[in-house]
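Structure file work05.txt; described as compact mmCIF, C-alpha atoms.
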# COMPACT_ATOMS: atom_id res chain seq x y z
CA MET A 6 -12.10 238.09 -74.71
CA LYS A 7 -11.93 237.59 -78.45
CA THR A 8 -11.01 240.76 -80.26
CA GLY A 9 -13.38 242.54 -82.58
CA ILE A 10 -16.84 241.91 -81.21
CA LYS A 11 -19.06 241.49 -84.20
CA ILE A 12 -22.28 243.33 -84.55
CA ALA A 13 -25.33 241.24 -84.94
CA LEU A 14 -28.19 242.48 -87.03
CA SER A 15 -31.50 240.86 -86.33
CA VAL A 16 -33.72 239.99 -89.25
CA ALA A 17 -36.24 242.48 -87.95
CA MET A 18 -33.61 245.15 -87.82
CA LEU A 19 -32.51 244.56 -91.38
CA ALA A 20 -36.08 244.75 -92.54
CA SER A 21 -36.60 247.98 -90.63
CA LEU A 22 -33.49 249.40 -92.23
CA SER A 23 -34.36 248.50 -95.74
CA PHE A 24 -37.87 249.93 -95.77
CA GLY A 25 -38.61 253.58 -95.28
CA GLY A 26 -41.85 255.32 -94.62
CA GLU A 27 -44.13 255.63 -91.67
CA GLN A 28 -45.32 252.04 -91.80
CA PHE A 29 -42.20 251.08 -89.91
CA ALA A 30 -41.11 251.69 -86.39
CA MET A 31 -37.69 253.03 -87.27
CA SER A 32 -37.53 256.66 -88.34
CA ASP A 33 -34.67 258.08 -90.42
CA ALA A 34 -33.22 259.47 -87.20
CA ASP A 35 -33.40 255.97 -85.64
CA ARG A 36 -31.64 254.55 -88.65
CA ALA A 37 -28.85 257.11 -88.42
CA MET A 38 -28.44 256.31 -84.71
CA TYR A 39 -28.43 252.62 -85.50
CA ALA A 40 -25.69 253.03 -88.10
CA GLU A 41 -23.66 254.91 -85.54
CA MET A 42 -24.22 252.31 -82.85
CA SER A 43 -23.26 249.41 -85.11
CA GLU A 44 -19.79 250.98 -85.26
CA ASN A 45 -19.69 251.30 -81.52
CA ASN A 46 -22.13 249.10 -79.60
CA PRO A 47 -22.97 250.79 -76.28
CA ALA A 48 -23.14 247.32 -74.70
CA ASP A 49 -19.39 246.81 -75.20
CA ILE A 50 -18.94 248.61 -71.89
CA MET A 51 -21.28 246.19 -70.11
CA VAL A 52 -19.46 243.24 -71.65
CA ALA A 53 -16.20 244.70 -70.34
CA ASP A 54 -17.84 245.05 -66.90
CA GLY A 55 -18.74 241.39 -67.09
CA GLU A 56 -15.15 240.49 -67.90
CA GLU A 57 -13.96 242.43 -64.89
CA LEU A 58 -16.51 240.70 -62.64
CA LEU A 59 -15.44 237.28 -63.90
CA GLY A 60 -11.90 238.39 -63.06
CA TYR A 61 -12.81 238.19 -59.36
CA MET A 62 -13.53 234.51 -59.89
CA GLY A 63 -10.38 233.69 -61.77
CA GLY A 64 -11.35 234.98 -65.20
CA ASP A 65 -11.51 232.73 -68.25
CA GLU A 66 -9.03 230.35 -66.69
CA GLY A 67 -11.05 230.00 -63.50
CA LEU A 68 -14.22 229.48 -65.50
CA ALA A 69 -12.66 226.76 -67.67
CA LYS A 70 -11.37 225.01 -64.56
CA TYR A 71 -14.77 225.23 -62.90
CA LEU A 72 -16.47 223.75 -65.95
CA GLY A 73 -13.86 221.02 -66.23
CA VAL A 74 -12.69 221.96 -69.72
CA SER A 75 -9.41 223.33 -71.06
CA GLU A 76 -9.21 227.03 -71.80
CA ASP A 77 -8.89 226.13 -75.50
CA ASP A 78 -12.14 224.21 -75.40
CA LEU A 79 -13.98 226.84 -73.38
CA PRO A 80 -15.50 228.73 -76.38
CA THR A 81 -16.93 225.54 -77.89
CA TYR A 82 -18.28 224.46 -74.51
CA ILE A 83 -19.94 227.86 -73.91
CA ALA A 84 -21.54 227.63 -77.38
CA GLY A 85 -23.51 224.60 -76.15
CA PHE A 86 -25.54 226.31 -73.40
CA PRO A 87 -28.17 225.86 -72.00
CA ARG A 88 -26.95 222.39 -71.04
CA TYR A 89 -27.56 219.67 -68.49
CA ILE A 90 -24.90 219.70 -65.79
CA LYS A 91 -24.80 216.57 -63.74
CA LYS A 92 -23.33 218.20 -60.65
CA PHE A 93 -26.35 220.55 -60.48
CA ASP A 94 -28.80 217.93 -61.77
CA MET A 95 -30.45 220.67 -63.83
CA VAL A 96 -30.53 222.07 -67.33
CA VAL A 97 -29.07 225.53 -66.76
CA GLY A 98 -28.41 228.71 -68.66
CA ILE A 99 -25.04 230.44 -68.47
CA ASP A 100 -26.36 232.79 -65.78
CA GLN A 101 -27.43 229.93 -63.50
CA MET A 102 -24.10 228.21 -64.05
CA ILE A 103 -22.44 231.47 -62.94
CA GLN A 104 -24.60 231.47 -59.78
CA ALA A 105 -23.33 228.00 -58.89
CA MET A 106 -19.75 229.02 -59.60
CA MET A 107 -20.14 232.08 -57.37
CA ALA A 108 -21.53 229.98 -54.55
CA ASP A 109 -18.78 227.41 -54.87
CA GLY A 110 -16.26 230.24 -54.80
CA GLY A 111 -17.74 231.55 -51.56
CA HIS A 112 -19.57 234.48 -53.17
CA LYS A 113 -23.20 235.30 -52.67
CA PRO A 114 -24.72 234.54 -56.10
CA LEU A 115 -25.96 237.57 -58.02
CA LYS A 116 -29.68 237.71 -58.78
CA LEU A 117 -30.52 236.48 -62.28
CA LYS A 118 -32.22 239.75 -63.15
CA SER A 119 -29.48 242.03 -61.84
CA GLY A 120 -27.57 244.27 -64.24
CA ASN A 121 -24.26 242.76 -63.11
CA MET A 122 -25.52 239.27 -63.94
CA PHE A 123 -26.64 240.46 -67.40
CA SER A 124 -23.08 241.81 -67.92
CA LEU A 125 -21.48 238.59 -66.70
CA LEU A 126 -23.75 236.50 -68.90
CA ALA A 127 -22.95 238.70 -71.90
CA TYR A 128 -19.22 238.47 -71.30
CA VAL A 129 -19.18 234.71 -70.76
CA LYS A 130 -21.23 234.12 -73.90
CA SER A 131 -18.94 236.48 -75.84
CA ILE A 132 -16.06 234.11 -75.06
CA ALA A 133 -17.75 231.96 -77.71
CA ASN A 134 -17.92 234.74 -80.32
CA GLY A 135 -17.16 233.28 -83.72
CA GLU A 136 -18.13 229.77 -82.58
CA LYS A 137 -21.20 228.11 -84.01
CA ILE A 138 -24.05 227.27 -81.63
CA ASN A 139 -23.68 223.55 -80.87
CA ILE A 140 -26.48 222.85 -78.39
CA ASP A 141 -27.38 219.15 -78.32
CA VAL A 142 -31.02 218.67 -77.40
CA ASN A 143 -30.66 214.89 -77.68
CA ALA A 144 -27.61 214.67 -75.43
CA ASN A 145 -29.56 213.18 -72.51
CA PRO A 146 -33.12 212.73 -71.25
CA GLN A 147 -32.95 216.02 -69.36
CA MET A 148 -32.18 217.98 -72.54
CA LYS A 149 -34.86 216.11 -74.44
CA GLU A 150 -37.33 217.00 -71.74
CA ALA A 151 -36.25 220.65 -71.74
CA TYR A 152 -36.65 220.86 -75.51
CA ALA A 153 -40.13 219.35 -75.36
CA LEU A 154 -41.15 221.72 -72.57
CA GLY A 155 -39.73 224.64 -74.56
CA GLU A 156 -41.71 223.72 -77.63
CA LYS A 157 -44.86 223.29 -75.57
CA THR A 158 -44.35 226.65 -73.83
CA PHE A 159 -43.79 228.31 -77.21
CA MET A 160 -47.03 226.89 -78.59
CA THR A 161 -49.25 227.45 -75.53
CA LYS A 162 -51.95 230.05 -76.04
CA ARG A 163 -52.66 232.03 -72.91
CA GLY A 164 -53.18 235.47 -71.38
CA GLY A 165 -55.66 238.25 -71.93
CA ARG A 166 -55.63 237.90 -75.71
CA GLY A 167 -55.21 234.13 -76.05
CA LEU A 168 -51.88 234.37 -77.90
CA SER A 169 -48.84 232.08 -77.97
CA CYS A 170 -45.27 232.90 -78.98
CA ASN A 171 -46.09 230.98 -82.14
CA SER A 172 -48.95 233.38 -82.97
CA CYS A 173 -46.36 235.97 -83.90
CA HIS A 174 -43.28 233.87 -84.58
CA SER A 175 -44.52 230.93 -86.64
CA PRO A 176 -42.85 230.62 -90.08
CA ASP A 177 -46.04 231.69 -91.88
CA VAL A 178 -46.08 235.16 -90.29
CA VAL A 179 -42.36 235.92 -90.26
CA GLY A 180 -41.61 239.12 -92.12
CA ARG A 181 -45.17 240.33 -91.85
CA VAL A 182 -45.76 243.52 -90.00
CA LEU A 183 -47.23 243.81 -86.52
CA ARG A 184 -48.07 247.49 -86.02
CA THR A 185 -44.93 248.94 -87.61
CA GLN A 186 -42.67 246.10 -86.44
CA PRO A 187 -41.58 243.43 -88.91
CA LEU A 188 -41.88 240.05 -87.18
CA PRO A 189 -38.43 238.55 -86.72
CA ASP A 190 -37.56 235.03 -87.78
CA LEU A 191 -36.52 233.07 -84.70
CA GLY A 192 -36.17 229.76 -86.45
CA ALA A 193 -35.97 228.81 -90.09
CA ASN A 194 -32.70 228.27 -91.89
CA GLY A 195 -29.84 230.46 -90.83
CA ALA A 196 -31.90 232.45 -88.37
CA LYS A 197 -29.76 233.42 -85.50
CA ALA A 198 -31.76 235.25 -82.87
CA ALA A 199 -30.27 233.07 -80.13
CA ALA A 200 -26.76 233.78 -81.41
CA THR A 201 -27.24 237.52 -80.94
CA TRP A 202 -28.42 237.74 -77.33
CA PRO A 203 -27.49 239.31 -74.91
CA ALA A 204 -27.95 242.45 -76.97
CA TYR A 205 -28.17 246.19 -76.60
CA ARG A 206 -31.75 247.34 -77.06
CA MET A 207 -31.93 250.86 -78.40
CA THR A 208 -35.53 251.34 -77.29
CA LYS A 209 -34.61 250.33 -73.74
CA SER A 210 -31.13 251.90 -73.70
CA SER A 211 -29.77 248.87 -71.91
CA LEU A 212 -28.24 245.43 -72.23
CA ARG A 213 -30.94 242.75 -72.29
CA THR A 214 -30.71 238.97 -72.21
CA MET A 215 -32.78 236.57 -74.27
CA GLN A 216 -34.98 235.56 -71.34
CA ARG A 217 -35.52 239.24 -70.58
CA ARG A 218 -36.61 239.65 -74.23
CA PHE A 219 -39.11 236.81 -73.81
CA GLN A 220 -40.54 238.69 -70.84
CA GLY A 221 -40.92 241.79 -73.01
CA CYS A 222 -42.99 239.86 -75.56
CA MET A 223 -45.09 238.31 -72.80
CA LYS A 224 -45.83 241.69 -71.26
CA ASN A 225 -46.71 243.33 -74.59
CA ALA A 226 -48.97 240.49 -75.68
CA LEU A 227 -50.68 240.20 -72.24
CA LEU A 228 -49.27 236.77 -71.41
CA LYS A 229 -48.54 236.47 -67.69
CA VAL A 230 -44.82 237.24 -67.36
CA ILE A 231 -42.97 234.22 -65.97
CA PRO A 232 -39.72 234.57 -64.02
CA ILE A 233 -36.21 234.38 -65.48
CA GLY A 234 -34.54 231.06 -64.63
CA SER A 235 -37.79 229.12 -64.31
CA LYS A 236 -37.80 225.70 -65.95
CA GLU A 237 -40.10 227.02 -68.66
CA MET A 238 -37.88 230.04 -69.41
CA VAL A 239 -34.75 227.89 -69.68
CA ALA A 240 -36.75 225.47 -71.82
CA LEU A 241 -37.82 228.30 -74.17
CA GLU A 242 -34.17 229.27 -74.46
CA VAL A 243 -33.24 225.65 -75.24
CA TYR A 244 -35.94 225.48 -77.91
CA LEU A 245 -34.95 228.73 -79.62
CA THR A 246 -31.21 228.08 -79.26
CA ASP A 247 -31.71 224.79 -81.08
CA LYS A 248 -33.41 226.73 -83.89
CA ALA A 249 -30.28 228.84 -84.21
CA LYS A 250 -27.96 225.82 -84.13
CA GLY A 251 -24.99 226.31 -86.45
CA SER A 252 -25.29 230.11 -86.39
CA GLU A 253 -22.19 232.04 -85.44
CA ILE A 254 -22.33 233.60 -81.99
CA SER A 255 -21.89 237.34 -82.06
CA ILE A 256 -22.29 239.11 -78.72
CA PRO A 257 -23.43 241.74 -77.92
CA GLY A 258 -26.18 242.01 -80.50
CA LEU A 259 -27.82 245.30 -81.35
CA LYS A 260 -31.61 245.50 -81.51
CA ARG A 261 -34.26 248.10 -82.05
CA MET B 20 -20.59 247.80 -59.94
CA LYS B 21 -20.38 246.20 -56.51
CA LYS B 22 -16.67 245.32 -56.59
CA THR B 23 -16.18 245.79 -52.86
CA VAL B 24 -18.98 243.41 -52.05
CA MET B 25 -17.61 240.84 -54.44
CA ILE B 26 -14.16 241.02 -52.89
CA SER B 27 -15.34 240.94 -49.30
CA LEU B 28 -17.37 237.84 -50.02
CA LEU B 29 -14.39 236.01 -51.45
CA VAL B 30 -13.72 233.56 -48.67
CA GLY B 31 -12.40 230.67 -50.69
CA ALA B 32 -14.02 227.43 -51.62
CA SER B 33 -16.72 226.20 -49.33
CA LEU B 34 -15.95 223.17 -47.23
CA PHE B 35 -19.45 221.82 -47.54
CA ALA B 36 -21.08 220.14 -50.48
CA THR B 37 -23.35 222.70 -52.13
CA ASP B 38 -27.08 222.15 -52.49
CA TYR B 39 -27.34 223.62 -55.96
CA SER B 40 -31.13 223.64 -55.92
CA LYS B 41 -30.81 226.33 -53.21
CA VAL B 42 -28.02 228.25 -54.91
CA ILE B 43 -29.38 228.38 -58.45
CA THR B 44 -32.51 230.47 -58.93
CA HIS B 45 -35.16 228.31 -60.60
CA PRO B 46 -38.65 229.51 -59.60
CA ASP B 47 -41.68 227.43 -60.52
CA ALA B 48 -43.68 228.93 -63.38
CA SER B 49 -45.92 225.97 -64.18
CA LYS B 50 -48.75 227.17 -61.94
CA MET B 51 -48.57 230.69 -63.36
CA ILE B 52 -48.93 229.28 -66.85
CA GLU B 53 -51.70 226.92 -65.85
CA LYS B 54 -53.82 229.76 -64.45
CA ASP B 55 -53.18 231.78 -67.59
CA LEU B 56 -54.27 229.14 -70.13
CA LEU B 57 -56.78 229.87 -72.87
CA ALA B 58 -60.13 228.12 -72.46
CA PRO B 59 -61.34 225.79 -75.26
CA PRO B 60 -62.94 227.29 -78.41
CA LYS B 61 -66.51 228.47 -77.92
CA VAL B 62 -69.40 229.11 -80.28
CA TYR B 63 -71.36 232.31 -79.56
CA THR B 64 -74.78 233.47 -80.68
CA MET B 65 -74.85 237.08 -81.73
CA PRO B 66 -77.21 238.92 -79.33
CA SER B 67 -80.30 240.50 -80.90
CA GLY B 68 -79.88 244.18 -81.70
CA CYS B 69 -76.13 243.64 -81.79
CA ILE B 70 -75.38 245.42 -85.06
CA THR B 71 -76.37 249.06 -84.90
CA ASN B 72 -76.04 252.39 -86.72
CA ASP B 73 -75.74 254.21 -83.40
CA PRO B 74 -72.81 256.61 -83.92
CA ASP B 75 -71.73 256.25 -80.26
CA ALA B 76 -71.50 252.47 -80.53
CA ILE B 77 -69.58 252.74 -83.80
CA ALA B 78 -67.25 255.33 -82.25
CA ARG B 79 -66.54 252.94 -79.36
CA GLY B 80 -65.87 250.09 -81.76
CA GLU B 81 -63.54 252.28 -83.80
CA TYR B 82 -61.69 253.38 -80.68
CA ILE B 83 -61.23 249.79 -79.47
CA PHE B 84 -60.05 248.76 -82.95
CA HIS B 85 -57.35 251.42 -83.18
CA ASN B 86 -55.99 251.57 -79.63
CA LEU B 87 -53.88 249.24 -77.46
CA ASN B 88 -54.87 250.33 -73.96
CA GLY B 89 -56.03 253.26 -71.84
CA LYS B 90 -52.50 254.30 -71.04
CA LYS B 91 -51.21 254.49 -74.60
CA ALA B 92 -54.33 255.96 -76.27
CA LYS B 93 -53.79 259.58 -77.33
CA LYS B 94 -57.35 260.83 -77.77
CA ASN B 95 -59.87 260.44 -74.99
CA PRO B 96 -62.30 257.53 -75.37
CA PRO B 97 -65.82 258.22 -76.75
CA LYS B 98 -69.00 258.21 -74.68
CA GLY B 99 -69.57 254.91 -72.85
CA LEU B 100 -65.93 253.82 -72.78
CA SER B 101 -63.30 254.60 -70.15
CA ARG B 102 -59.52 254.52 -69.94
CA ARG B 103 -59.53 252.43 -66.78
CA GLN B 104 -61.48 249.40 -65.71
CA MET B 105 -61.85 247.64 -62.37
CA LYS B 106 -60.91 243.98 -62.22
CA PRO B 107 -63.93 241.85 -61.35
CA GLY B 108 -64.00 240.82 -57.69
CA VAL B 109 -61.51 243.47 -56.56
CA THR B 110 -62.48 246.24 -54.14
CA TYR B 111 -60.78 249.56 -54.86
CA LEU B 112 -60.31 251.88 -51.88
CA PRO B 113 -59.83 255.64 -52.30
CA GLY B 114 -56.34 256.37 -53.57
CA GLN B 115 -55.91 252.95 -55.11
CA LYS B 116 -55.25 253.02 -58.83
CA ILE B 117 -57.76 251.32 -61.08
CA PRO B 118 -55.84 249.52 -63.86
CA PHE B 119 -55.87 250.78 -67.44
CA LYS B 120 -58.39 249.14 -69.73
CA GLN B 121 -57.08 247.00 -72.58
CA TYR B 122 -58.46 247.71 -76.05
CA GLY B 123 -58.31 245.60 -79.21
CA ASN B 124 -55.25 246.93 -81.02
CA CYS B 125 -56.74 245.22 -84.09
CA VAL B 126 -54.75 247.61 -86.24
CA ALA B 127 -51.62 245.73 -85.15
CA CYS B 128 -52.63 243.03 -87.63
CA HIS B 129 -55.31 244.60 -89.88
CA ASN B 130 -55.45 247.56 -92.15
CA ILE B 131 -58.75 249.51 -92.24
CA GLU B 132 -59.92 253.04 -93.16
CA ASN B 133 -57.70 255.71 -91.52
CA ALA B 134 -55.40 253.18 -89.87
CA LYS B 135 -52.01 254.47 -88.72
CA GLY B 136 -49.11 252.00 -88.89
CA ALA B 137 -51.37 249.03 -89.62
CA GLY B 138 -49.93 245.53 -89.70
CA ASN B 139 -50.59 242.86 -92.33
CA ILE B 140 -50.78 239.62 -90.36
CA GLY B 141 -54.55 239.52 -90.81
CA PRO B 142 -56.57 240.45 -93.92
CA ASP B 143 -57.15 244.06 -94.91
CA LEU B 144 -60.57 245.09 -93.57
CA THR B 145 -60.87 248.24 -95.70
CA ASN B 146 -64.20 248.55 -97.52
CA TYR B 147 -65.42 245.57 -95.54
CA LYS B 148 -69.13 246.28 -95.96
CA GLU B 149 -68.87 246.41 -99.74
CA ASN B 150 -66.31 243.69 -100.28
CA PHE B 151 -67.36 241.13 -97.70
CA VAL B 152 -70.91 241.76 -96.47
CA ASP B 153 -72.79 243.23 -99.46
CA SER B 154 -71.08 240.66 -101.68
CA GLY B 155 -72.60 237.93 -99.53
CA ALA B 156 -69.22 236.47 -98.55
CA ARG B 157 -69.71 237.21 -94.85
CA THR B 158 -72.61 237.63 -92.43
CA HIS B 159 -72.66 239.86 -89.38
CA ALA B 160 -72.81 236.74 -87.24
CA PHE B 161 -69.60 235.45 -88.85
CA VAL B 162 -67.78 238.67 -88.01
CA TYR B 163 -69.13 238.59 -84.44
CA GLN B 164 -67.93 235.01 -83.94
CA LYS B 165 -64.57 235.77 -85.58
CA ILE B 166 -63.86 238.56 -83.11
CA ALA B 167 -65.32 236.66 -80.14
CA ASP B 168 -63.40 233.43 -80.77
CA ALA B 169 -61.60 233.12 -84.11
CA ARG B 170 -60.78 229.44 -83.55
CA ILE B 171 -64.26 228.33 -84.60
CA ASP B 172 -63.54 229.50 -88.16
CA ASN B 173 -59.83 228.55 -88.08
CA PRO B 174 -58.49 226.23 -85.34
CA ASP B 175 -54.90 227.34 -86.08
CA THR B 176 -55.65 231.05 -86.14
CA HIS B 177 -53.04 233.62 -85.17
CA MET B 178 -55.77 236.09 -84.25
CA THR B 179 -56.45 237.29 -80.71
CA ILE B 180 -59.35 235.71 -78.79
CA ASN B 181 -61.56 238.44 -77.41
CA LEU B 182 -64.68 237.04 -75.74
CA THR B 183 -63.57 233.61 -74.46
CA THR B 184 -60.70 235.43 -72.70
CA LYS B 185 -63.23 237.92 -71.24
CA LEU B 186 -61.11 240.73 -72.63
CA PHE B 187 -64.36 242.31 -73.84
CA THR B 188 -68.07 242.01 -73.08
CA PRO B 189 -70.60 240.86 -75.70
CA ARG B 190 -71.72 244.51 -75.98
CA GLU B 191 -68.17 245.59 -76.81
CA ILE B 192 -67.83 242.84 -79.42
CA CYS B 193 -71.08 244.22 -80.93
CA ASP B 194 -69.61 247.73 -80.96
CA ILE B 195 -66.49 246.49 -82.77
CA THR B 196 -68.52 244.43 -85.23
CA SER B 197 -70.84 247.38 -85.91
CA TYR B 198 -67.81 249.53 -86.68
CA ILE B 199 -66.28 247.02 -89.12
CA VAL B 200 -69.50 246.45 -91.09
CA SER B 201 -70.55 250.13 -91.09
CA PRO B 202 -70.36 252.22 -94.29
CA LYS B 203 -67.27 254.44 -94.01
Reformat the file's structure so that it appears as structure tokens.
Amino acid sequence: MKTGIKIALSVAMLASLSFGGEQFAMSDADRAMYAEMSENNPADIMVADGEELLGYMGGDEGLAKYLGVSEDDLPTYIAGFPRYIKKFDMVVGIDQMIQAMMADGGHKPLKLKSGNMFSLLAYVKSIANGEKINIDVNANPQMKEAYALGEKTFMTKRGGRGLSCNSCHSPDVVGRVLRTQPLPDLGANGAKAAATWPAYRMTKSSLRTMQRRFQGCMKNALLKVIPIGSKEMVALEVYLTDKAKGSEISIPGLKR
Amino acid sequence: MKKTVMISLLVGASLFATDYSKVITHPDASKMIEKDLLAPPKVYTMPSGCITNDPDAIARGEYIFHNLNGKKAKKNPPKGLSRRQMKPGVTYLPGQKIPFKQYGNCVACHNIENAKGAGNIGPDLTNYKENFVDSGARTHAFVYQKIADARIDNPDTHMTINLTTKLFTPREICDITSYIVSPK
């Protein structure tokens, strides 16, 4: 693992930190706790767990071999996920790639939503810490298709209140306040949400992945929660990862 | 961590070609999304007697405006409104939990009199009667339609859709409208 895991501040978090008062969701006590945690991210332990788990499958070396890249090229390769892998004939996230690797190694694949899988995913992505996101959504027809599906899923209004992801995350509402929570920028220049997940969520006291975060937004906004690993979820991740292209990966993030 | 399980399962590379579509979890979500889609924009006629000075109706509208759902609401709902609501077409047997009712949570996006932690995604609705209705800028019917289905006024709206989604009944939309246009 690269030394010195950097702490990732989300745009929302910075906004919460810089404003006081009761309009915002973070109290002074929250802010103090946040300052403390940015020195010492509680999710470092989970990332270390993930490293240990990968150890049973040959560690970084085994992973590089499985992916058919040199250990030197591994960080850059990891920074390009989700990607189309011919052998699987699917666009997969890091977690799904780990499932295939486990199966090929004779292990029973972990469930995508298990805590151990979240740790593994966080560790494997942290191998790319310091790398810039280099996803290529034009690499092949499968990636093009995933990007288009991701965009469509992001824009689709549905659920009990007729909202889409775009209702709250389109550039014209970014930075505005939704009941005490500044709306984070997932896209425009230099935004790096996708570079900071998996992250420790203070309000959930646990390590969460990006797809798990999508589920949180769906639940809160009354959109039917779709399962992690579904084509649409991976596509959403492709779409938002492309928006963060060029941002430096910094895992684990730290979020409200 | 389940180290022991991991180790015991380590039996070396499989001899058989793997069917990755069985190994990799990739459930189908397209049908879930399809069933969840928002219906096309719809024009509504405001029912007669919709806007009222009845304090109970206004209290219900206010409550719906300021609260997210029956679980989160601190104060008890006013007369004529409950914390839980049966889903249409479902039979509830004794002991079965009736789901919490969803309210408007309008304050998430709009400021208004006595709002706590209001958002600013939508316009400030403070002094609405004076600023928007008495000034002639808005009619009651406009407000009713806006809350029922905001897409008629603005096809690209970020606002929630409240009647076309069947989140509320026409009566409830009237209660909310009555609250917004009432003198405060």
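Summary of the local environment: counting only C-alpha atoms, residues at most 7 Å from segment 150-165 of chain A, other than itself and those fewer than 6 positions away along its chain, are Val142, Asn171, Leu227, Leu228, Lys229, Glu237, Ala240, Leu241, Val243 and Tyr244 of chain A; Asp55, Leu56, Leu57, Thr184 and Leu186 of chain B.
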Using all atoms listed in the file, which chain A residues lie at most 6 Å away from chain B, written as a PyMOL selection string?
chain A and resi 28+93+101+104+109-112+162-167+172+181-185+231+234-235
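Distance-wise, atom CA of Cys193 of chain B and atom CA of Ile70 of chain B end up 6.1 Å apart.
Atom CA of Cys173 of chain A sits 23.2 Å away from atom CA of Gly89 of chain B.
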So which residues touch segment 118-125 of chain A within 9 Å, counting all atoms listed in the file, skipping near sequence neighbours fewer than 4 positions away, as a ChimeraX atom specification?
/A:48,50-59,100,103-104,129-130,203,212-214,217,233 /B:20-21
Around (-68.0, 253.6, -76.8), as given in the file, which residues come within 10 Å? Count only C-alpha atoms and list them as a ChimeraX atom specification.
/B:74-83,96-101,190-191,194-195
Between atom CA of Asp153 of chain B and atom CA of Val178 of chain A, distance in Å (one decimal):
29.4 Å
If you count only C-alpha atoms, the residue of B:Thr145, B:Thr196, B:Lys61, B:Thr158 closest to Asn133 of chain B turns out to be B:Thr145
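Across A:Lys236, A:Arg218, A:Lys250, A:Lys224, the tightest approach to Phe86 of chain A is made by A:Lys250 when counting only C-alpha atoms.
Considering the residues A:Asp78, A:Glu253, A:Tyr71, A:Asn143 and counting only C-alpha atoms, Ala108 of chain A has its shortest atom-to-atom contact with A:Tyr71.
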Can you fill out segment 184-188 of chain B with all heavy atoms and hand it back as a PDB file, in the frame of the given file?
ATOM      1  N   THR B 184     -61.679 234.949 -73.678  1.00  0.00           N
ATOM      2  CA  THR B 184     -60.700 235.430 -72.700  1.00  0.00           C
ATOM      3  C   THR B 184     -61.303 236.446 -71.740  1.00  0.00           C
ATOM      4  O   THR B 184     -60.633 236.905 -70.823  1.00  0.00           O
ATOM      5  CB  THR B 184     -59.532 236.132 -73.413  1.00  0.00           C
ATOM      6  OG1 THR B 184     -60.099 237.096 -74.307  1.00  0.00           O
ATOM      7  CG2 THR B 184     -58.671 235.171 -74.196  1.00  0.00           C
ATOM      8  N   LYS B 185     -62.551 236.860 -72.006  1.00  0.00           N
ATOM      9  CA  LYS B 185     -63.230 237.920 -71.240  1.00  0.00           C
ATOM     10  C   LYS B 185     -62.516 239.266 -71.345  1.00  0.00           C
ATOM     11  O   LYS B 185     -62.641 240.126 -70.479  1.00  0.00           O
ATOM     12  CB  LYS B 185     -63.374 237.525 -69.758  1.00  0.00           C
ATOM     13  CG  LYS B 185     -64.193 236.246 -69.561  1.00  0.00           C
ATOM     14  CD  LYS B 185     -64.609 236.126 -68.084  1.00  0.00           C
ATOM     15  CE  LYS B 185     -65.546 234.956 -67.866  1.00  0.00           C
ATOM     16  NZ  LYS B 185     -64.860 233.644 -67.996  1.00  0.00           N
ATOM     17  N   LEU B 186     -61.751 239.434 -72.415  1.00  0.00           N
ATOM     18  CA  LEU B 186     -61.110 240.730 -72.630  1.00  0.00           C
ATOM     19  C   LEU B 186     -62.193 241.790 -72.851  1.00  0.00           C
ATOM     20  O   LEU B 186     -62.076 242.914 -72.394  1.00  0.00           O
ATOM     21  CB  LEU B 186     -60.164 240.662 -73.835  1.00  0.00           C
ATOM     22  CG  LEU B 186     -59.293 241.878 -74.065  1.00  0.00           C
ATOM     23  CD1 LEU B 186     -58.274 242.042 -72.944  1.00  0.00           C
ATOM     24  CD2 LEU B 186     -58.557 241.792 -75.407  1.00  0.00           C
ATOM     25  N   PHE B 187     -63.245 241.404 -73.574  1.00  0.00           N
ATOM     26  CA  PHE B 187     -64.360 242.310 -73.840  1.00  0.00           C
ATOM     27  C   PHE B 187     -65.681 241.670 -73.435  1.00  0.00           C
ATOM     28  O   PHE B 187     -65.766 240.451 -73.267  1.00  0.00           O
ATOM     29  CB  PHE B 187     -64.408 242.684 -75.318  1.00  0.00           C
ATOM     30  CG  PHE B 187     -63.179 243.397 -75.786  1.00  0.00           C
ATOM     31  CD1 PHE B 187     -62.419 242.908 -76.841  1.00  0.00           C
ATOM     32  CD2 PHE B 187     -62.747 244.550 -75.142  1.00  0.00           C
ATOM     33  CE1 PHE B 187     -61.260 243.560 -77.253  1.00  0.00           C
ATOM     34  CE2 PHE B 187     -61.592 245.209 -75.546  1.00  0.00           C
ATOM     35  CZ  PHE B 187     -60.850 244.706 -76.605  1.00  0.00           C
ATOM     36  N   THR B 188     -66.709 242.487 -73.338  1.00  0.00           N
ATOM     37  CA  THR B 188     -68.070 242.010 -73.080  1.00  0.00           C
ATOM     38  C   THR B 188     -68.751 241.791 -74.426  1.00  0.00           C
ATOM     39  O   THR B 188     -68.307 242.334 -75.451  1.00  0.00           O
ATOM     40  CB  THR B 188     -68.876 243.068 -72.314  1.00  0.00           C
ATOM     41  OG1 THR B 188     -68.945 244.247 -73.132  1.00  0.00           O
ATOM     42  CG2 THR B 188     -68.225 243.429 -70.983  1.00  0.00           C
TER      43      THR B 188
END
